[in-house]
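J.: Input my_file.txt, format and content: compact mmCIF, C-alpha atoms.
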```txt
# COMPACT_ATOMS: atom_id res chain seq x y z
CA MET A 1 0.00 0.00 0.00
CA MET A 2 1.07 3.58 -0.67
CA GLN A 3 0.76 4.45 3.04
CA ASP A 4 3.22 1.67 3.88
CA THR A 5 6.01 3.21 1.80
CA PRO A 6 8.76 4.28 4.24
CA LYS A 7 9.25 8.00 4.82
CA GLY A 8 12.86 7.79 3.68
CA ASN A 9 11.79 6.44 0.27
CA ARG A 10 9.40 9.27 -0.60
CA LEU A 11 10.09 12.34 -2.71
CA HIS A 12 10.07 15.18 -0.15
CA ILE A 13 8.14 18.27 -1.33
CA ALA A 14 8.42 21.21 1.08
CA ILE A 15 6.17 24.29 1.02
CA PHE A 16 7.65 27.65 2.08
CA GLY A 17 6.37 31.21 2.35
CA LEU A 18 5.25 34.00 4.66
CA ARG A 19 2.70 33.51 7.40
CA ASN A 20 -0.83 33.48 5.94
CA ALA A 21 0.43 32.98 2.38
CA GLY A 22 -1.82 29.92 2.18
CA LYS A 23 0.76 27.16 2.65
CA SER A 24 -1.47 24.96 4.81
CA SER A 25 -4.50 25.41 2.58
CA LEU A 26 -2.31 24.46 -0.41
CA ILE A 27 -1.32 21.23 1.38
CA ASN A 28 -5.01 20.49 1.91
CA ALA A 29 -5.77 21.16 -1.76
CA LEU A 30 -2.91 18.96 -2.98
CA THR A 31 -3.98 16.08 -0.73
CA ASN A 32 -7.72 16.75 -1.06
CA GLN A 33 -7.90 16.37 2.73
CA ASP A 34 -8.11 18.75 5.68
CA ILE A 35 -4.86 17.58 7.23
CA ALA A 36 -3.24 20.99 7.92
CA LEU A 37 -4.82 23.46 10.33
CA VAL A 38 -5.94 26.58 8.41
CA SER A 39 -6.60 29.92 10.10
CA ASN A 40 -6.53 33.64 9.31
CA VAL A 41 -4.36 34.08 12.41
CA PRO A 42 -0.70 34.42 11.35
CA GLY A 43 1.63 31.73 12.67
CA THR A 44 -0.91 28.89 12.95
CA THR A 45 1.66 26.36 11.70
CA THR A 46 4.35 26.23 14.40
CA ASP A 47 6.26 23.06 13.50
CA PRO A 48 6.79 21.28 10.17
CA VAL A 49 3.78 19.08 9.35
CA TYR A 50 4.37 15.95 7.25
CA LYS A 51 1.73 14.32 5.05
CA ALA A 52 2.28 11.15 3.01
CA MET A 53 0.40 10.93 -0.28
CA GLU A 54 0.86 9.80 -3.88
CA ILE A 55 1.32 11.96 -6.96
CA LEU A 56 1.31 9.96 -10.17
CA PRO A 57 3.51 9.15 -12.00
CA ILE A 58 6.12 9.95 -9.30
CA GLY A 59 4.45 7.69 -6.74
CA PRO A 60 4.64 8.12 -2.96
CA VAL A 61 5.70 11.58 -1.79
CA MET A 62 6.03 13.42 1.51
CA LEU A 63 4.48 16.91 1.61
CA ILE A 64 5.94 19.20 4.29
CA ASP A 65 4.07 22.26 5.58
CA THR A 66 6.35 24.79 7.32
CA ALA A 67 6.05 27.79 9.61
CA GLY A 68 6.18 31.24 8.02
CA ILE A 69 9.67 32.52 7.22
CA ASP A 70 8.63 35.93 8.65
CA ASP A 71 7.68 34.57 12.11
CA GLU A 72 8.57 36.91 14.97
CA GLY A 73 9.76 36.83 18.56
CA ALA A 74 11.91 34.29 20.38
CA LEU A 75 9.58 31.40 19.55
CA GLY A 76 9.22 32.67 16.00
CA GLU A 77 12.99 32.50 15.50
CA LEU A 78 12.97 28.87 16.60
CA ARG A 79 10.14 28.13 14.17
CA VAL A 80 12.02 29.80 11.32
CA GLU A 81 15.10 27.74 12.18
CA ARG A 82 13.05 24.55 11.98
CA THR A 83 11.66 25.71 8.66
CA LYS A 84 15.20 26.18 7.35
CA GLN A 85 16.15 22.70 8.57
CA VAL A 86 13.45 21.30 6.27
CA MET A 87 15.49 22.61 3.32
CA ASN A 88 18.09 19.96 4.05
CA LYS A 89 15.66 17.17 3.22
CA ALA A 90 13.58 18.83 0.45
CA ASP A 91 13.85 17.29 -3.03
CA VAL A 92 11.45 19.93 -4.43
CA ALA A 93 10.49 23.30 -2.90
CA ILE A 94 7.23 25.19 -3.49
CA VAL A 95 7.44 28.92 -2.71
CA VAL A 96 3.97 30.36 -1.99
CA ILE A 97 3.02 34.04 -2.28
CA ALA A 98 -0.52 35.29 -1.65
CA ALA A 99 -2.19 36.98 -4.62
CA ASP A 100 -2.99 40.08 -2.54
CA THR A 101 0.64 40.71 -1.52
CA ARG A 102 3.94 41.51 -3.18
CA PRO A 103 7.25 39.68 -2.66
CA GLY A 104 9.82 41.33 -0.41
CA ASP A 105 13.14 40.64 1.33
CA PHE A 106 11.89 37.45 3.00
CA GLU A 107 11.04 35.81 -0.32
CA HIS A 108 14.28 37.01 -1.94
CA LYS A 109 16.38 35.52 0.87
CA LEU A 110 14.33 32.31 0.91
CA ILE A 111 14.74 31.70 -2.81
CA ALA A 112 18.46 32.54 -2.64
CA GLU A 113 18.92 29.90 0.09
CA LEU A 114 16.95 27.30 -1.83
CA LYS A 115 18.92 27.99 -5.01
CA ALA A 116 22.19 27.77 -3.09
CA LYS A 117 21.16 24.27 -2.01
CA GLN A 118 20.28 23.45 -5.66
CA ILE A 119 16.70 22.47 -4.80
CA PRO A 120 14.27 22.49 -7.76
CA LEU A 121 11.78 25.36 -7.25
CA VAL A 122 8.13 25.89 -8.10
CA GLY A 123 6.57 29.32 -7.57
CA VAL A 124 2.87 29.54 -6.62
CA ILE A 125 0.64 32.61 -6.42
CA ASN A 126 -2.13 31.40 -4.09
CA LYS A 127 -5.59 32.73 -3.18
CA MET A 128 -6.63 33.44 -6.77
CA ASP A 129 -10.22 33.28 -5.49
CA ILE A 130 -9.67 36.81 -4.07
CA ALA A 131 -7.83 38.20 -7.12
CA THR A 132 -8.23 38.22 -10.86
CA PRO A 133 -5.79 36.36 -13.13
CA ASP A 134 -2.97 38.70 -14.11
CA ASN A 135 -0.21 37.63 -16.51
CA GLU A 136 1.62 40.88 -15.84
CA ARG A 137 1.76 40.03 -12.12
CA LYS A 138 3.14 36.56 -12.84
CA SER A 139 5.74 38.04 -15.13
CA LYS A 140 6.74 40.66 -12.56
CA PHE A 141 7.03 38.07 -9.76
CA ALA A 142 9.12 35.84 -12.01
CA GLN A 143 11.40 38.72 -12.96
CA GLN A 144 11.83 39.86 -9.36
CA LEU A 145 12.50 36.42 -7.86
CA GLY A 146 14.06 34.51 -10.73
CA ILE A 147 11.57 31.63 -10.82
CA SER A 148 8.36 31.06 -12.78
CA PHE A 149 4.96 31.14 -11.06
CA LEU A 150 1.63 29.33 -11.33
CA GLU A 151 -1.66 30.86 -10.21
CA VAL A 152 -3.81 28.64 -7.99
CA SER A 153 -6.70 28.79 -5.60
CA SER A 154 -6.56 26.35 -2.72
CA LEU A 155 -10.21 27.14 -2.01
CA THR A 156 -11.62 26.40 -5.49
CA ARG A 157 -8.74 24.03 -6.50
CA GLU A 158 -8.12 26.10 -9.62
CA GLY A 159 -4.63 25.37 -10.92
CA ILE A 160 -3.96 22.46 -8.52
CA GLU A 161 -3.71 19.82 -11.26
CA GLU A 162 -1.31 22.02 -13.21
CA LEU A 163 0.77 22.39 -10.05
CA LYS A 164 0.96 18.60 -9.66
CA HIS A 165 2.17 18.25 -13.26
CA THR A 166 4.78 20.95 -12.65
CA ILE A 167 6.05 19.11 -9.56
CA ILE A 168 6.38 15.98 -11.67
CA ARG A 169 8.28 17.91 -14.35
CA VAL A 170 10.84 19.52 -12.01
CA ALA A 171 11.36 16.53 -9.68
CA PRO A 172 14.96 15.30 -10.05
CA ASP A 173 15.31 11.95 -11.81
CA THR A 174 18.03 10.89 -9.38
CA TRP A 175 16.27 11.66 -6.09
CA GLU A 176 16.11 7.98 -5.13
CA GLY A 177 19.83 7.45 -5.68
CA PRO A 178 21.46 4.25 -6.94
CA SER A 179 19.74 0.90 -6.66
CA ILE A 180 20.12 -0.87 -3.32
CA VAL A 181 21.51 -4.05 -4.86
CA GLY A 182 19.79 -4.68 -8.19
CA ASP A 183 22.61 -3.25 -10.31
CA LEU A 184 24.97 -5.83 -8.79
CA LEU A 185 22.83 -8.72 -10.02
CA ASP A 186 21.85 -10.00 -13.44
CA SER A 187 18.49 -11.56 -14.19
CA GLY A 188 18.47 -15.10 -12.76
CA ASP A 189 21.32 -14.48 -10.28
CA LEU A 190 20.95 -15.73 -6.72
CA ALA A 191 21.56 -13.60 -3.60
CA VAL A 192 21.60 -15.08 -0.10
CA LEU A 193 20.33 -12.81 2.67
CA VAL A 194 21.58 -13.63 6.17
CA ILE A 195 19.17 -12.29 8.77
CA PRO A 196 19.83 -12.97 12.47
CA ILE A 197 16.73 -13.42 14.60
CA ASP A 198 17.71 -12.06 18.02
CA LEU A 199 16.41 -9.72 20.71
CA ALA A 200 16.84 -6.69 18.45
CA ALA A 201 14.73 -8.18 15.66
CA PRO A 202 11.08 -6.98 15.71
CA LYS A 203 8.79 -9.86 16.62
CA GLY A 204 6.96 -11.23 13.61
CA ARG A 205 8.64 -9.03 11.00
CA LEU A 206 11.92 -8.04 9.39
CA ILE A 207 13.59 -4.66 9.71
CA LEU A 208 13.19 -2.13 6.92
CA PRO A 209 16.58 -2.44 5.12
CA GLN A 210 16.12 -6.22 4.88
CA VAL A 211 12.66 -5.88 3.35
CA GLN A 212 13.75 -3.19 0.91
CA THR A 213 16.78 -5.19 -0.20
CA LEU A 214 14.64 -8.27 -0.77
CA ARG A 215 12.15 -6.25 -2.84
CA ASP A 216 14.95 -4.72 -4.92
CA ILE A 217 16.31 -8.18 -5.73
CA LEU A 218 12.88 -9.31 -6.91
CA ASP A 219 12.37 -6.11 -8.91
CA HIS A 220 15.52 -6.96 -10.87
CA ASP A 221 14.37 -10.51 -11.70
CA ALA A 222 16.96 -12.16 -9.48
CA TYR A 223 16.41 -14.85 -6.83
CA ALA A 224 16.73 -14.49 -3.08
CA LEU A 225 17.30 -17.06 -0.34
CA VAL A 226 16.83 -15.92 3.26
CA VAL A 227 18.59 -17.79 6.08
CA LYS A 228 19.69 -17.23 9.66
CA GLU A 229 23.42 -17.00 10.28
CA ARG A 230 23.75 -20.51 11.74
CA GLU A 231 22.09 -21.98 8.63
CA LEU A 232 24.30 -20.26 6.05
CA ARG A 233 27.02 -22.90 5.67
CA ASP A 234 24.53 -25.73 5.22
CA ALA A 235 22.54 -23.67 2.71
CA LEU A 236 25.63 -22.88 0.63
CA ASP A 237 26.71 -26.56 0.65
CA ASN A 238 23.32 -27.69 -0.65
CA LEU A 239 22.49 -25.02 -3.21
CA PRO A 240 22.34 -26.28 -6.83
CA LYS A 241 24.03 -23.04 -8.03
CA ARG A 242 26.54 -20.69 -6.46
CA PRO A 243 25.08 -17.39 -5.28
CA LYS A 244 26.37 -14.19 -6.87
CA LEU A 245 26.30 -12.38 -3.54
CA VAL A 246 25.84 -12.93 0.20
CA ILE A 247 24.33 -10.03 2.15
CA THR A 248 24.42 -10.10 5.93
CA ASP A 249 23.41 -8.08 8.93
CA SER A 250 26.54 -6.31 10.15
CA GLN A 251 26.35 -7.87 13.60
CA ALA A 252 26.83 -11.34 12.09
CA PHE A 253 29.90 -10.33 10.07
CA LEU A 254 32.44 -12.66 11.64
CA LYS A 255 30.45 -15.88 11.37
CA VAL A 256 29.12 -15.09 7.90
CA ASN A 257 32.62 -14.17 6.70
CA ALA A 258 33.95 -17.49 8.01
CA ASP A 259 31.16 -19.49 6.36
CA THR A 260 31.21 -17.73 2.96
CA PRO A 261 33.81 -19.08 0.47
CA PRO A 262 36.29 -16.43 -0.77
CA ASP A 263 35.04 -16.71 -4.37
CA ILE A 264 31.55 -15.49 -3.35
CA LYS A 265 31.18 -11.73 -2.91
CA LEU A 266 30.08 -10.63 0.56
CA THR A 267 28.60 -7.37 1.82
CA SER A 268 26.07 -6.08 4.36
CA PHE A 269 22.71 -4.31 4.37
CA SER A 270 24.32 -1.29 6.02
CA ILE A 271 27.04 -1.02 3.38
CA LEU A 272 24.43 -1.30 0.61
CA PHE A 273 22.52 1.57 2.23
CA ALA A 274 25.72 3.59 2.65
CA ARG A 275 25.82 3.68 -1.14
CA HIS A 276 22.04 3.93 -1.70
CA LYS A 277 21.50 6.84 0.70
CA GLY A 278 24.90 8.53 0.86
CA GLU A 279 28.47 8.38 -0.42
CA LEU A 280 30.07 4.99 0.21
CA GLU A 281 33.58 6.18 -0.69
CA THR A 282 33.38 9.06 1.82
CA LEU A 283 32.18 6.70 4.55
CA VAL A 284 35.02 4.26 3.79
CA ALA A 285 37.50 7.12 4.09
CA GLY A 286 35.88 7.87 7.45
CA ALA A 287 36.67 4.34 8.62
CA LYS A 288 40.36 4.95 7.94
CA ALA A 289 40.21 8.01 10.23
CA ILE A 290 39.39 5.75 13.20
CA GLU A 291 43.10 4.91 13.35
CA LYS A 292 43.84 8.59 14.15
CA LEU A 293 41.51 8.79 17.15
CA LYS A 294 43.16 9.47 20.49
CA PRO A 295 41.91 9.10 24.07
CA GLY A 296 39.84 12.12 25.02
CA ASP A 297 38.54 12.79 21.49
CA ARG A 298 34.84 13.47 21.05
CA VAL A 299 32.69 11.28 18.78
CA LEU A 300 29.15 11.97 17.53
CA ILE A 301 26.86 8.96 17.04
CA ALA A 302 23.84 9.88 14.91
CA GLU A 303 20.72 7.88 14.08
CA GLY A 304 18.02 8.86 11.62
CA CYS A 305 15.18 7.51 13.78
CA THR A 306 14.24 7.05 17.41
CA HIS A 307 13.74 3.55 18.75
CA HIS A 308 13.64 1.56 21.97
CA ARG A 309 17.22 0.71 22.85
CA GLN A 310 18.15 -2.86 23.73
CA ALA A 311 20.49 -3.78 26.59
CA ASP A 312 23.46 -4.17 24.21
CA ASP A 313 22.41 -1.44 21.76
CA ILE A 314 24.67 -1.10 18.74
CA GLY A 315 24.91 2.70 18.84
CA LYS A 316 24.82 3.27 22.58
CA VAL A 317 26.93 0.34 23.80
CA GLN A 318 28.73 -1.75 21.18
CA ILE A 319 30.25 0.93 18.94
CA PRO A 320 31.54 3.03 21.88
CA ARG A 321 33.06 -0.13 23.36
CA TRP A 322 34.83 -1.06 20.12
CA LEU A 323 36.17 2.46 19.62
CA ARG A 324 37.50 2.63 23.19
CA GLN A 325 39.26 -0.67 22.66
CA MET A 326 40.83 0.54 19.40
CA VAL A 327 42.18 3.79 20.88
CA GLY A 328 43.18 2.20 24.17
CA GLY A 329 41.42 4.73 26.36
CA GLU A 330 38.30 6.76 27.05
CA LEU A 331 36.47 8.79 24.44
CA GLU A 332 33.73 11.41 24.81
CA PHE A 333 30.45 10.51 23.09
CA ASP A 334 27.39 12.52 22.09
CA TRP A 335 24.23 10.90 20.69
CA VAL A 336 21.55 12.45 18.46
CA ALA A 337 18.49 10.86 16.88
CA GLY A 338 15.85 11.75 14.31
CA SER A 339 16.08 15.33 13.01
CA GLN A 340 18.30 16.45 15.91
CA TYR A 341 21.51 16.82 13.95
CA PRO A 342 23.96 19.61 14.87
CA THR A 343 25.17 22.13 12.31
CA GLU A 344 28.41 22.85 14.18
CA LEU A 345 30.61 19.73 14.08
CA SER A 346 34.09 21.11 14.71
CA LYS A 347 34.35 19.68 18.24
CA TYR A 348 34.10 16.11 16.91
CA ARG A 349 36.93 13.98 15.59
CA LEU A 350 34.58 11.38 14.08
CA ILE A 351 30.89 11.06 13.17
CA VAL A 352 29.33 7.59 13.20
CA HIS A 353 25.97 7.47 11.40
CA CYS A 354 23.37 4.71 11.18
CA GLY A 355 22.32 3.16 7.88
CA ALA A 356 19.86 6.05 7.25
CA CYS A 357 16.96 3.82 6.24
CA MET A 358 14.44 6.22 7.86
CA ILE A 359 15.69 9.50 6.35
CA ASN A 360 15.70 10.39 2.68
CA ARG A 361 18.77 10.48 0.47
CA ARG A 362 18.94 14.27 0.28
CA GLU A 363 19.08 14.65 4.06
CA MET A 364 21.79 11.99 4.37
CA LEU A 365 23.83 13.62 1.59
CA TYR A 366 23.44 16.96 3.40
CA ARG A 367 24.81 15.42 6.59
CA VAL A 368 27.74 13.94 4.69
CA PHE A 369 28.33 17.32 3.01
CA GLN A 370 28.32 19.12 6.37
CA ALA A 371 30.96 16.72 7.69
CA LYS A 372 33.15 17.08 4.59
CA GLU A 373 32.81 20.87 4.57
CA GLN A 374 33.95 21.07 8.19
CA GLY A 375 36.71 18.49 7.70
CA ILE A 376 35.20 15.88 10.05
CA PRO A 377 35.45 12.18 9.02
CA ILE A 378 32.10 10.38 8.85
CA VAL A 379 31.46 6.63 8.75
CA ASN A 380 28.32 4.51 9.03
CA TYR A 381 27.58 1.57 11.29
CA GLY A 382 28.18 -1.21 8.77
CA VAL A 383 31.44 0.20 7.44
CA LEU A 384 32.74 0.77 10.97
CA ILE A 385 31.79 -2.71 12.18
CA ALA A 386 33.50 -4.33 9.20
CA HIS A 387 36.62 -2.24 9.84
CA VAL A 388 36.65 -3.11 13.54
CA HIS A 389 36.50 -6.82 12.66
CA GLY A 390 39.20 -6.52 10.01
CA ILE A 391 37.03 -7.57 7.06
CA LEU A 392 36.18 -4.23 5.45
CA HIS A 393 38.19 -5.02 2.32
CA ARG A 394 36.30 -8.30 1.93
CA VAL A 395 32.83 -6.83 2.31
CA LEU A 396 33.64 -4.06 -0.16
CA SER A 397 34.29 -6.69 -2.86
CA PRO A 398 31.19 -5.63 -4.88
CA PHE A 399 32.52 -2.04 -4.92
CA PRO A 400 36.02 -1.78 -6.45
CA LEU A 401 36.20 2.03 -6.17
CA ALA A 402 35.50 1.89 -2.44
CA GLN A 403 38.19 -0.79 -2.12
CA MET A 404 40.64 1.56 -3.83
CA ILE A 405 39.80 4.30 -1.33
CA LEU A 406 40.55 1.86 1.48
CA GLU A 407 43.85 0.81 -0.05
CA ASP A 408 44.99 4.35 -0.89
```
Before we go any further, please render this structure as structure tokens.
T.:
Amino acid sequence: MMQDTPKGNRLHIAIFGLRNAGKSSLINALTNQDIALVSNVPGTTTDPVYKAMEILPIGPVMLIDTAGIDDEGALGELRVERTKQVMNKADVAIVVIAADTRPGDFEHKLIAELKAKQIPLVGVINKMDIATPDNERKSKFAQQLGISFLEVSSLTREGIEELKHTIIRVAPDTWEGPSIVGDLLDSGDLAVLVIPIDLAAPKGRLILPQVQTLRDILDHDAYALVVKERELRDALDNLPKRPKLVITDSQAFLKVNADTPPDIKLTSFSILFARHKGELETLVAGAKAIEKLKPGDRVLIAEGCTHHRQADDIGKVQIPRWLRQMVGGELEFDWVAGSQYPTELSKYRLIVHCGACMINRREMLYRVFQAKEQGIPIVNYGVLIAHVHGILHRVLSPFPLAQMILED
């Protein structure tokens, strides 16, 4: 079902503008539902509001309603800051101006920021139910702000279908990023997925990266065999054909590596997602930086979602333990989850990020860019775990360029 599509796999369409420009009513018109609170009182939307829907032929999208960029006061400044944070995850931005107003400094600065982030833009003149169509006004707005505009009425739904088609036209073809695994397999190839069933596994279901990888294999007309780690050796001995690839959960690396013959390529779900959602080569370079850590250094551990932590949680317990062992002393750790990601990273000597299955590709690439811009190495869970266990070169076998980065 469309509603079951994960948030991180949706095209993110963010709506920006002044207070009372009609952003929330535009969300309601696009979704044909009253999901955003609409009021004539300025500042009704205080936090970003997310709504999952489907726009054909793009498919599942995430619409984001934001607070007005002209919000005032101490709380208003916080709301504006949260609005600006939405830019880091927006694949397409809609800039809304009310038909009974004229653009000013706020809109100029907003569009400049969006252009600087290279986000595709759509201009909308809303509330056409209280104004007459005016091509001269559209032309003037476009000339002033450097983007073209559509005229719509959220109340009468005039122009809404044209807006949807425009979103489809400007949406970047590459927003989903590279395939998870399908480009590594030919039609008819076999991939073996090793999935431990332990305390961290959700009862009665698989975790998201495992499900998405399995679906991607099937979408590319390849075969998949799913086993637990203790069944892998027996499965490989009894298969009628050799698998092209073995994919494992990172926490079963050592056993799976021991049971997988050297002539069969091996990788992990987390490494596949490092490429799918971010920059695998940058994250591999981050693993090399672990060797330069010293006791007393500060490390940021970031996760894209919030979840109930287990007793031996990978991010809270295991990774800090491994890093302390590698540096031979104590390290300082900070943890962030969900959208709580700092902009100032200079105090850290390493960033360790999760597999990013619950955030979209643009947001993960922004986080990687922030780290690179500030000169801070960044690595993800799967790459770090493989490095800690001394098998990173082996599990990068499907990715020769990343292997070269490691060897350089």
J.: Residues near A:Gly68, anyone? I mean within 8 Å using only C-alpha atoms, not counting same-chain ones fewer than 3 positions away, as a ChimeraX atom specification.
T.: /A:16-20,43,45,71,79-80,83
J.: Quick one: residues within 10 Å of stretch 9-12 of chain A, all atoms listed in the file counted, chain neighbours fewer than 4 positions away excluded, as JSON, numbers by chain?
T.: {"A": [5, 50, 51, 52, 53, 54, 55, 58, 59, 60, 61, 62, 63, 64, 86, 87, 89, 90, 91, 92, 93, 171, 172, 175, 176, 212, 277, 357, 358, 359, 360, 361, 362, 363]}
J.: Would you kindly identify which residues have an atom no farther than 10 Å from (33.7, -13.5, -7.3), using only C-alpha atoms and the file's own coordinates, and write them out as a count of residues only?
T.: 11
J.: To one decimal in Å, tell me the separation between atom CA of A:Asp312 and atom CA of A:Ser270.
T.: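 Interatomic distance, atom CA of A:Asp312 to atom CA of A:Ser270: 18.4 Å.
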J.: Have a look at atom CA of A:His220 and atom CA of A:Ser187 and let me know their distance in Å, one decimal.
T.: 6.4 Å
J.: Please list as a ChimeraX atom specification every residue within 10 Å of stretch 247-254 of chain A, counting only C-alpha atoms and excluding residues in the same chain fewer than 4 positions away.
T.: /A:181,191-196,209-210,213,226-230,258-259,265-272,314,381-386,389-392,395
J.: Rounded to one decimal place, report the atom CA of A:Leu206-atom CA of A:Asn380 distance in Å.
T.: 20.7 Å
J.: Counting all atoms listed in the file, which residue out of A:Ile376, A:Val256, A:Val388, A:Ala356 sits closest to A:Leu323?
T.: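 Selected residue with least distance to A:Leu323: A:Val388.
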J.: Around all the atoms of stretch 284-296 of chain A listed in the file, draw an axis-aligned box and extend it by 8 Å on each of the six sides; I want its centre and edge lengths in Å to one decimal, as AutoDock Vina command-line options.
T.:
```
--center_x 39.4 --center_y 8.2 --center_z 14.4 --size_x 24.8 --size_y 23.9 --size_z 37.2
```
J.: Tell me which of A:Asp100, A:Arg367, A:Ala287, A:Ala337 sits closest to A:Asp134, counting only C-alpha atoms.
T.: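 Result for the nearest residue to A:Asp134: A:Asp100.
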J.: Between A:Gln403, A:Thr31, A:Ser179, A:Asn88, which is the closest to A:Ile119 once you count all atoms listed in the file?
T.: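 Among the listed residues, the smallest separation from A:Ile119 belongs to A:Asn88.
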J.: Using all atoms listed in the file, determine which residues lie at most 9 Å from stretch 344-347 of chain A, disregarding the query and same-chain residues fewer than 2 positions distant; provide the list as an NGL selection string.
T.: :A and (297-300 or 342 or 349 or 351 or 370-371 or 374-376)
J.: Excluding same-chain residues fewer than 6 positions from A:Gly159, what lies within 12 Å of it counting only C-alpha atoms, as an mmCIF file with C-alpha atoms, keeping the file's coordinate frame?
T.:
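File around19.cif, as written:
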```cif
data_model
loop_
_atom_site.group_PDB
_atom_site.id
_atom_site.type_symbol
_atom_site.label_atom_id
_atom_site.label_comp_id
_atom_site.auth_asym_id
_atom_site.auth_seq_id
_atom_site.Cartn_x
_atom_site.Cartn_y
_atom_site.Cartn_z
ATOM 1 C CA LEU A 26 -2.310 24.460 -0.410
ATOM 2 C CA ALA A 29 -5.770 21.160 -1.760
ATOM 3 C CA LEU A 30 -2.910 18.960 -2.980
ATOM 4 C CA VAL A 124 2.870 29.540 -6.620
ATOM 5 C CA ILE A 125 0.640 32.610 -6.420
ATOM 6 C CA ASN A 126 -2.130 31.400 -4.090
ATOM 7 C CA LYS A 127 -5.590 32.730 -3.180
ATOM 8 C CA MET A 128 -6.630 33.440 -6.770
ATOM 9 C CA ASP A 129 -10.220 33.280 -5.490
ATOM 10 C CA PRO A 133 -5.790 36.360 -13.130
ATOM 11 C CA PHE A 149 4.960 31.140 -11.060
ATOM 12 C CA LEU A 150 1.630 29.330 -11.330
ATOM 13 C CA GLU A 151 -1.660 30.860 -10.210
ATOM 14 C CA VAL A 152 -3.810 28.640 -7.990
ATOM 15 C CA SER A 153 -6.700 28.790 -5.600
ATOM 16 C CA HIS A 165 2.170 18.250 -13.260
ATOM 17 C CA THR A 166 4.780 20.950 -12.650
#
```
J.: Using only C-alpha atoms, can you tell me which of A:Cys354, A:Leu283, A:Leu185, A:Ala235 comes closest to A:Lys316?
T.: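 That would be A:Cys354, the residue with the smallest distance to A:Lys316.
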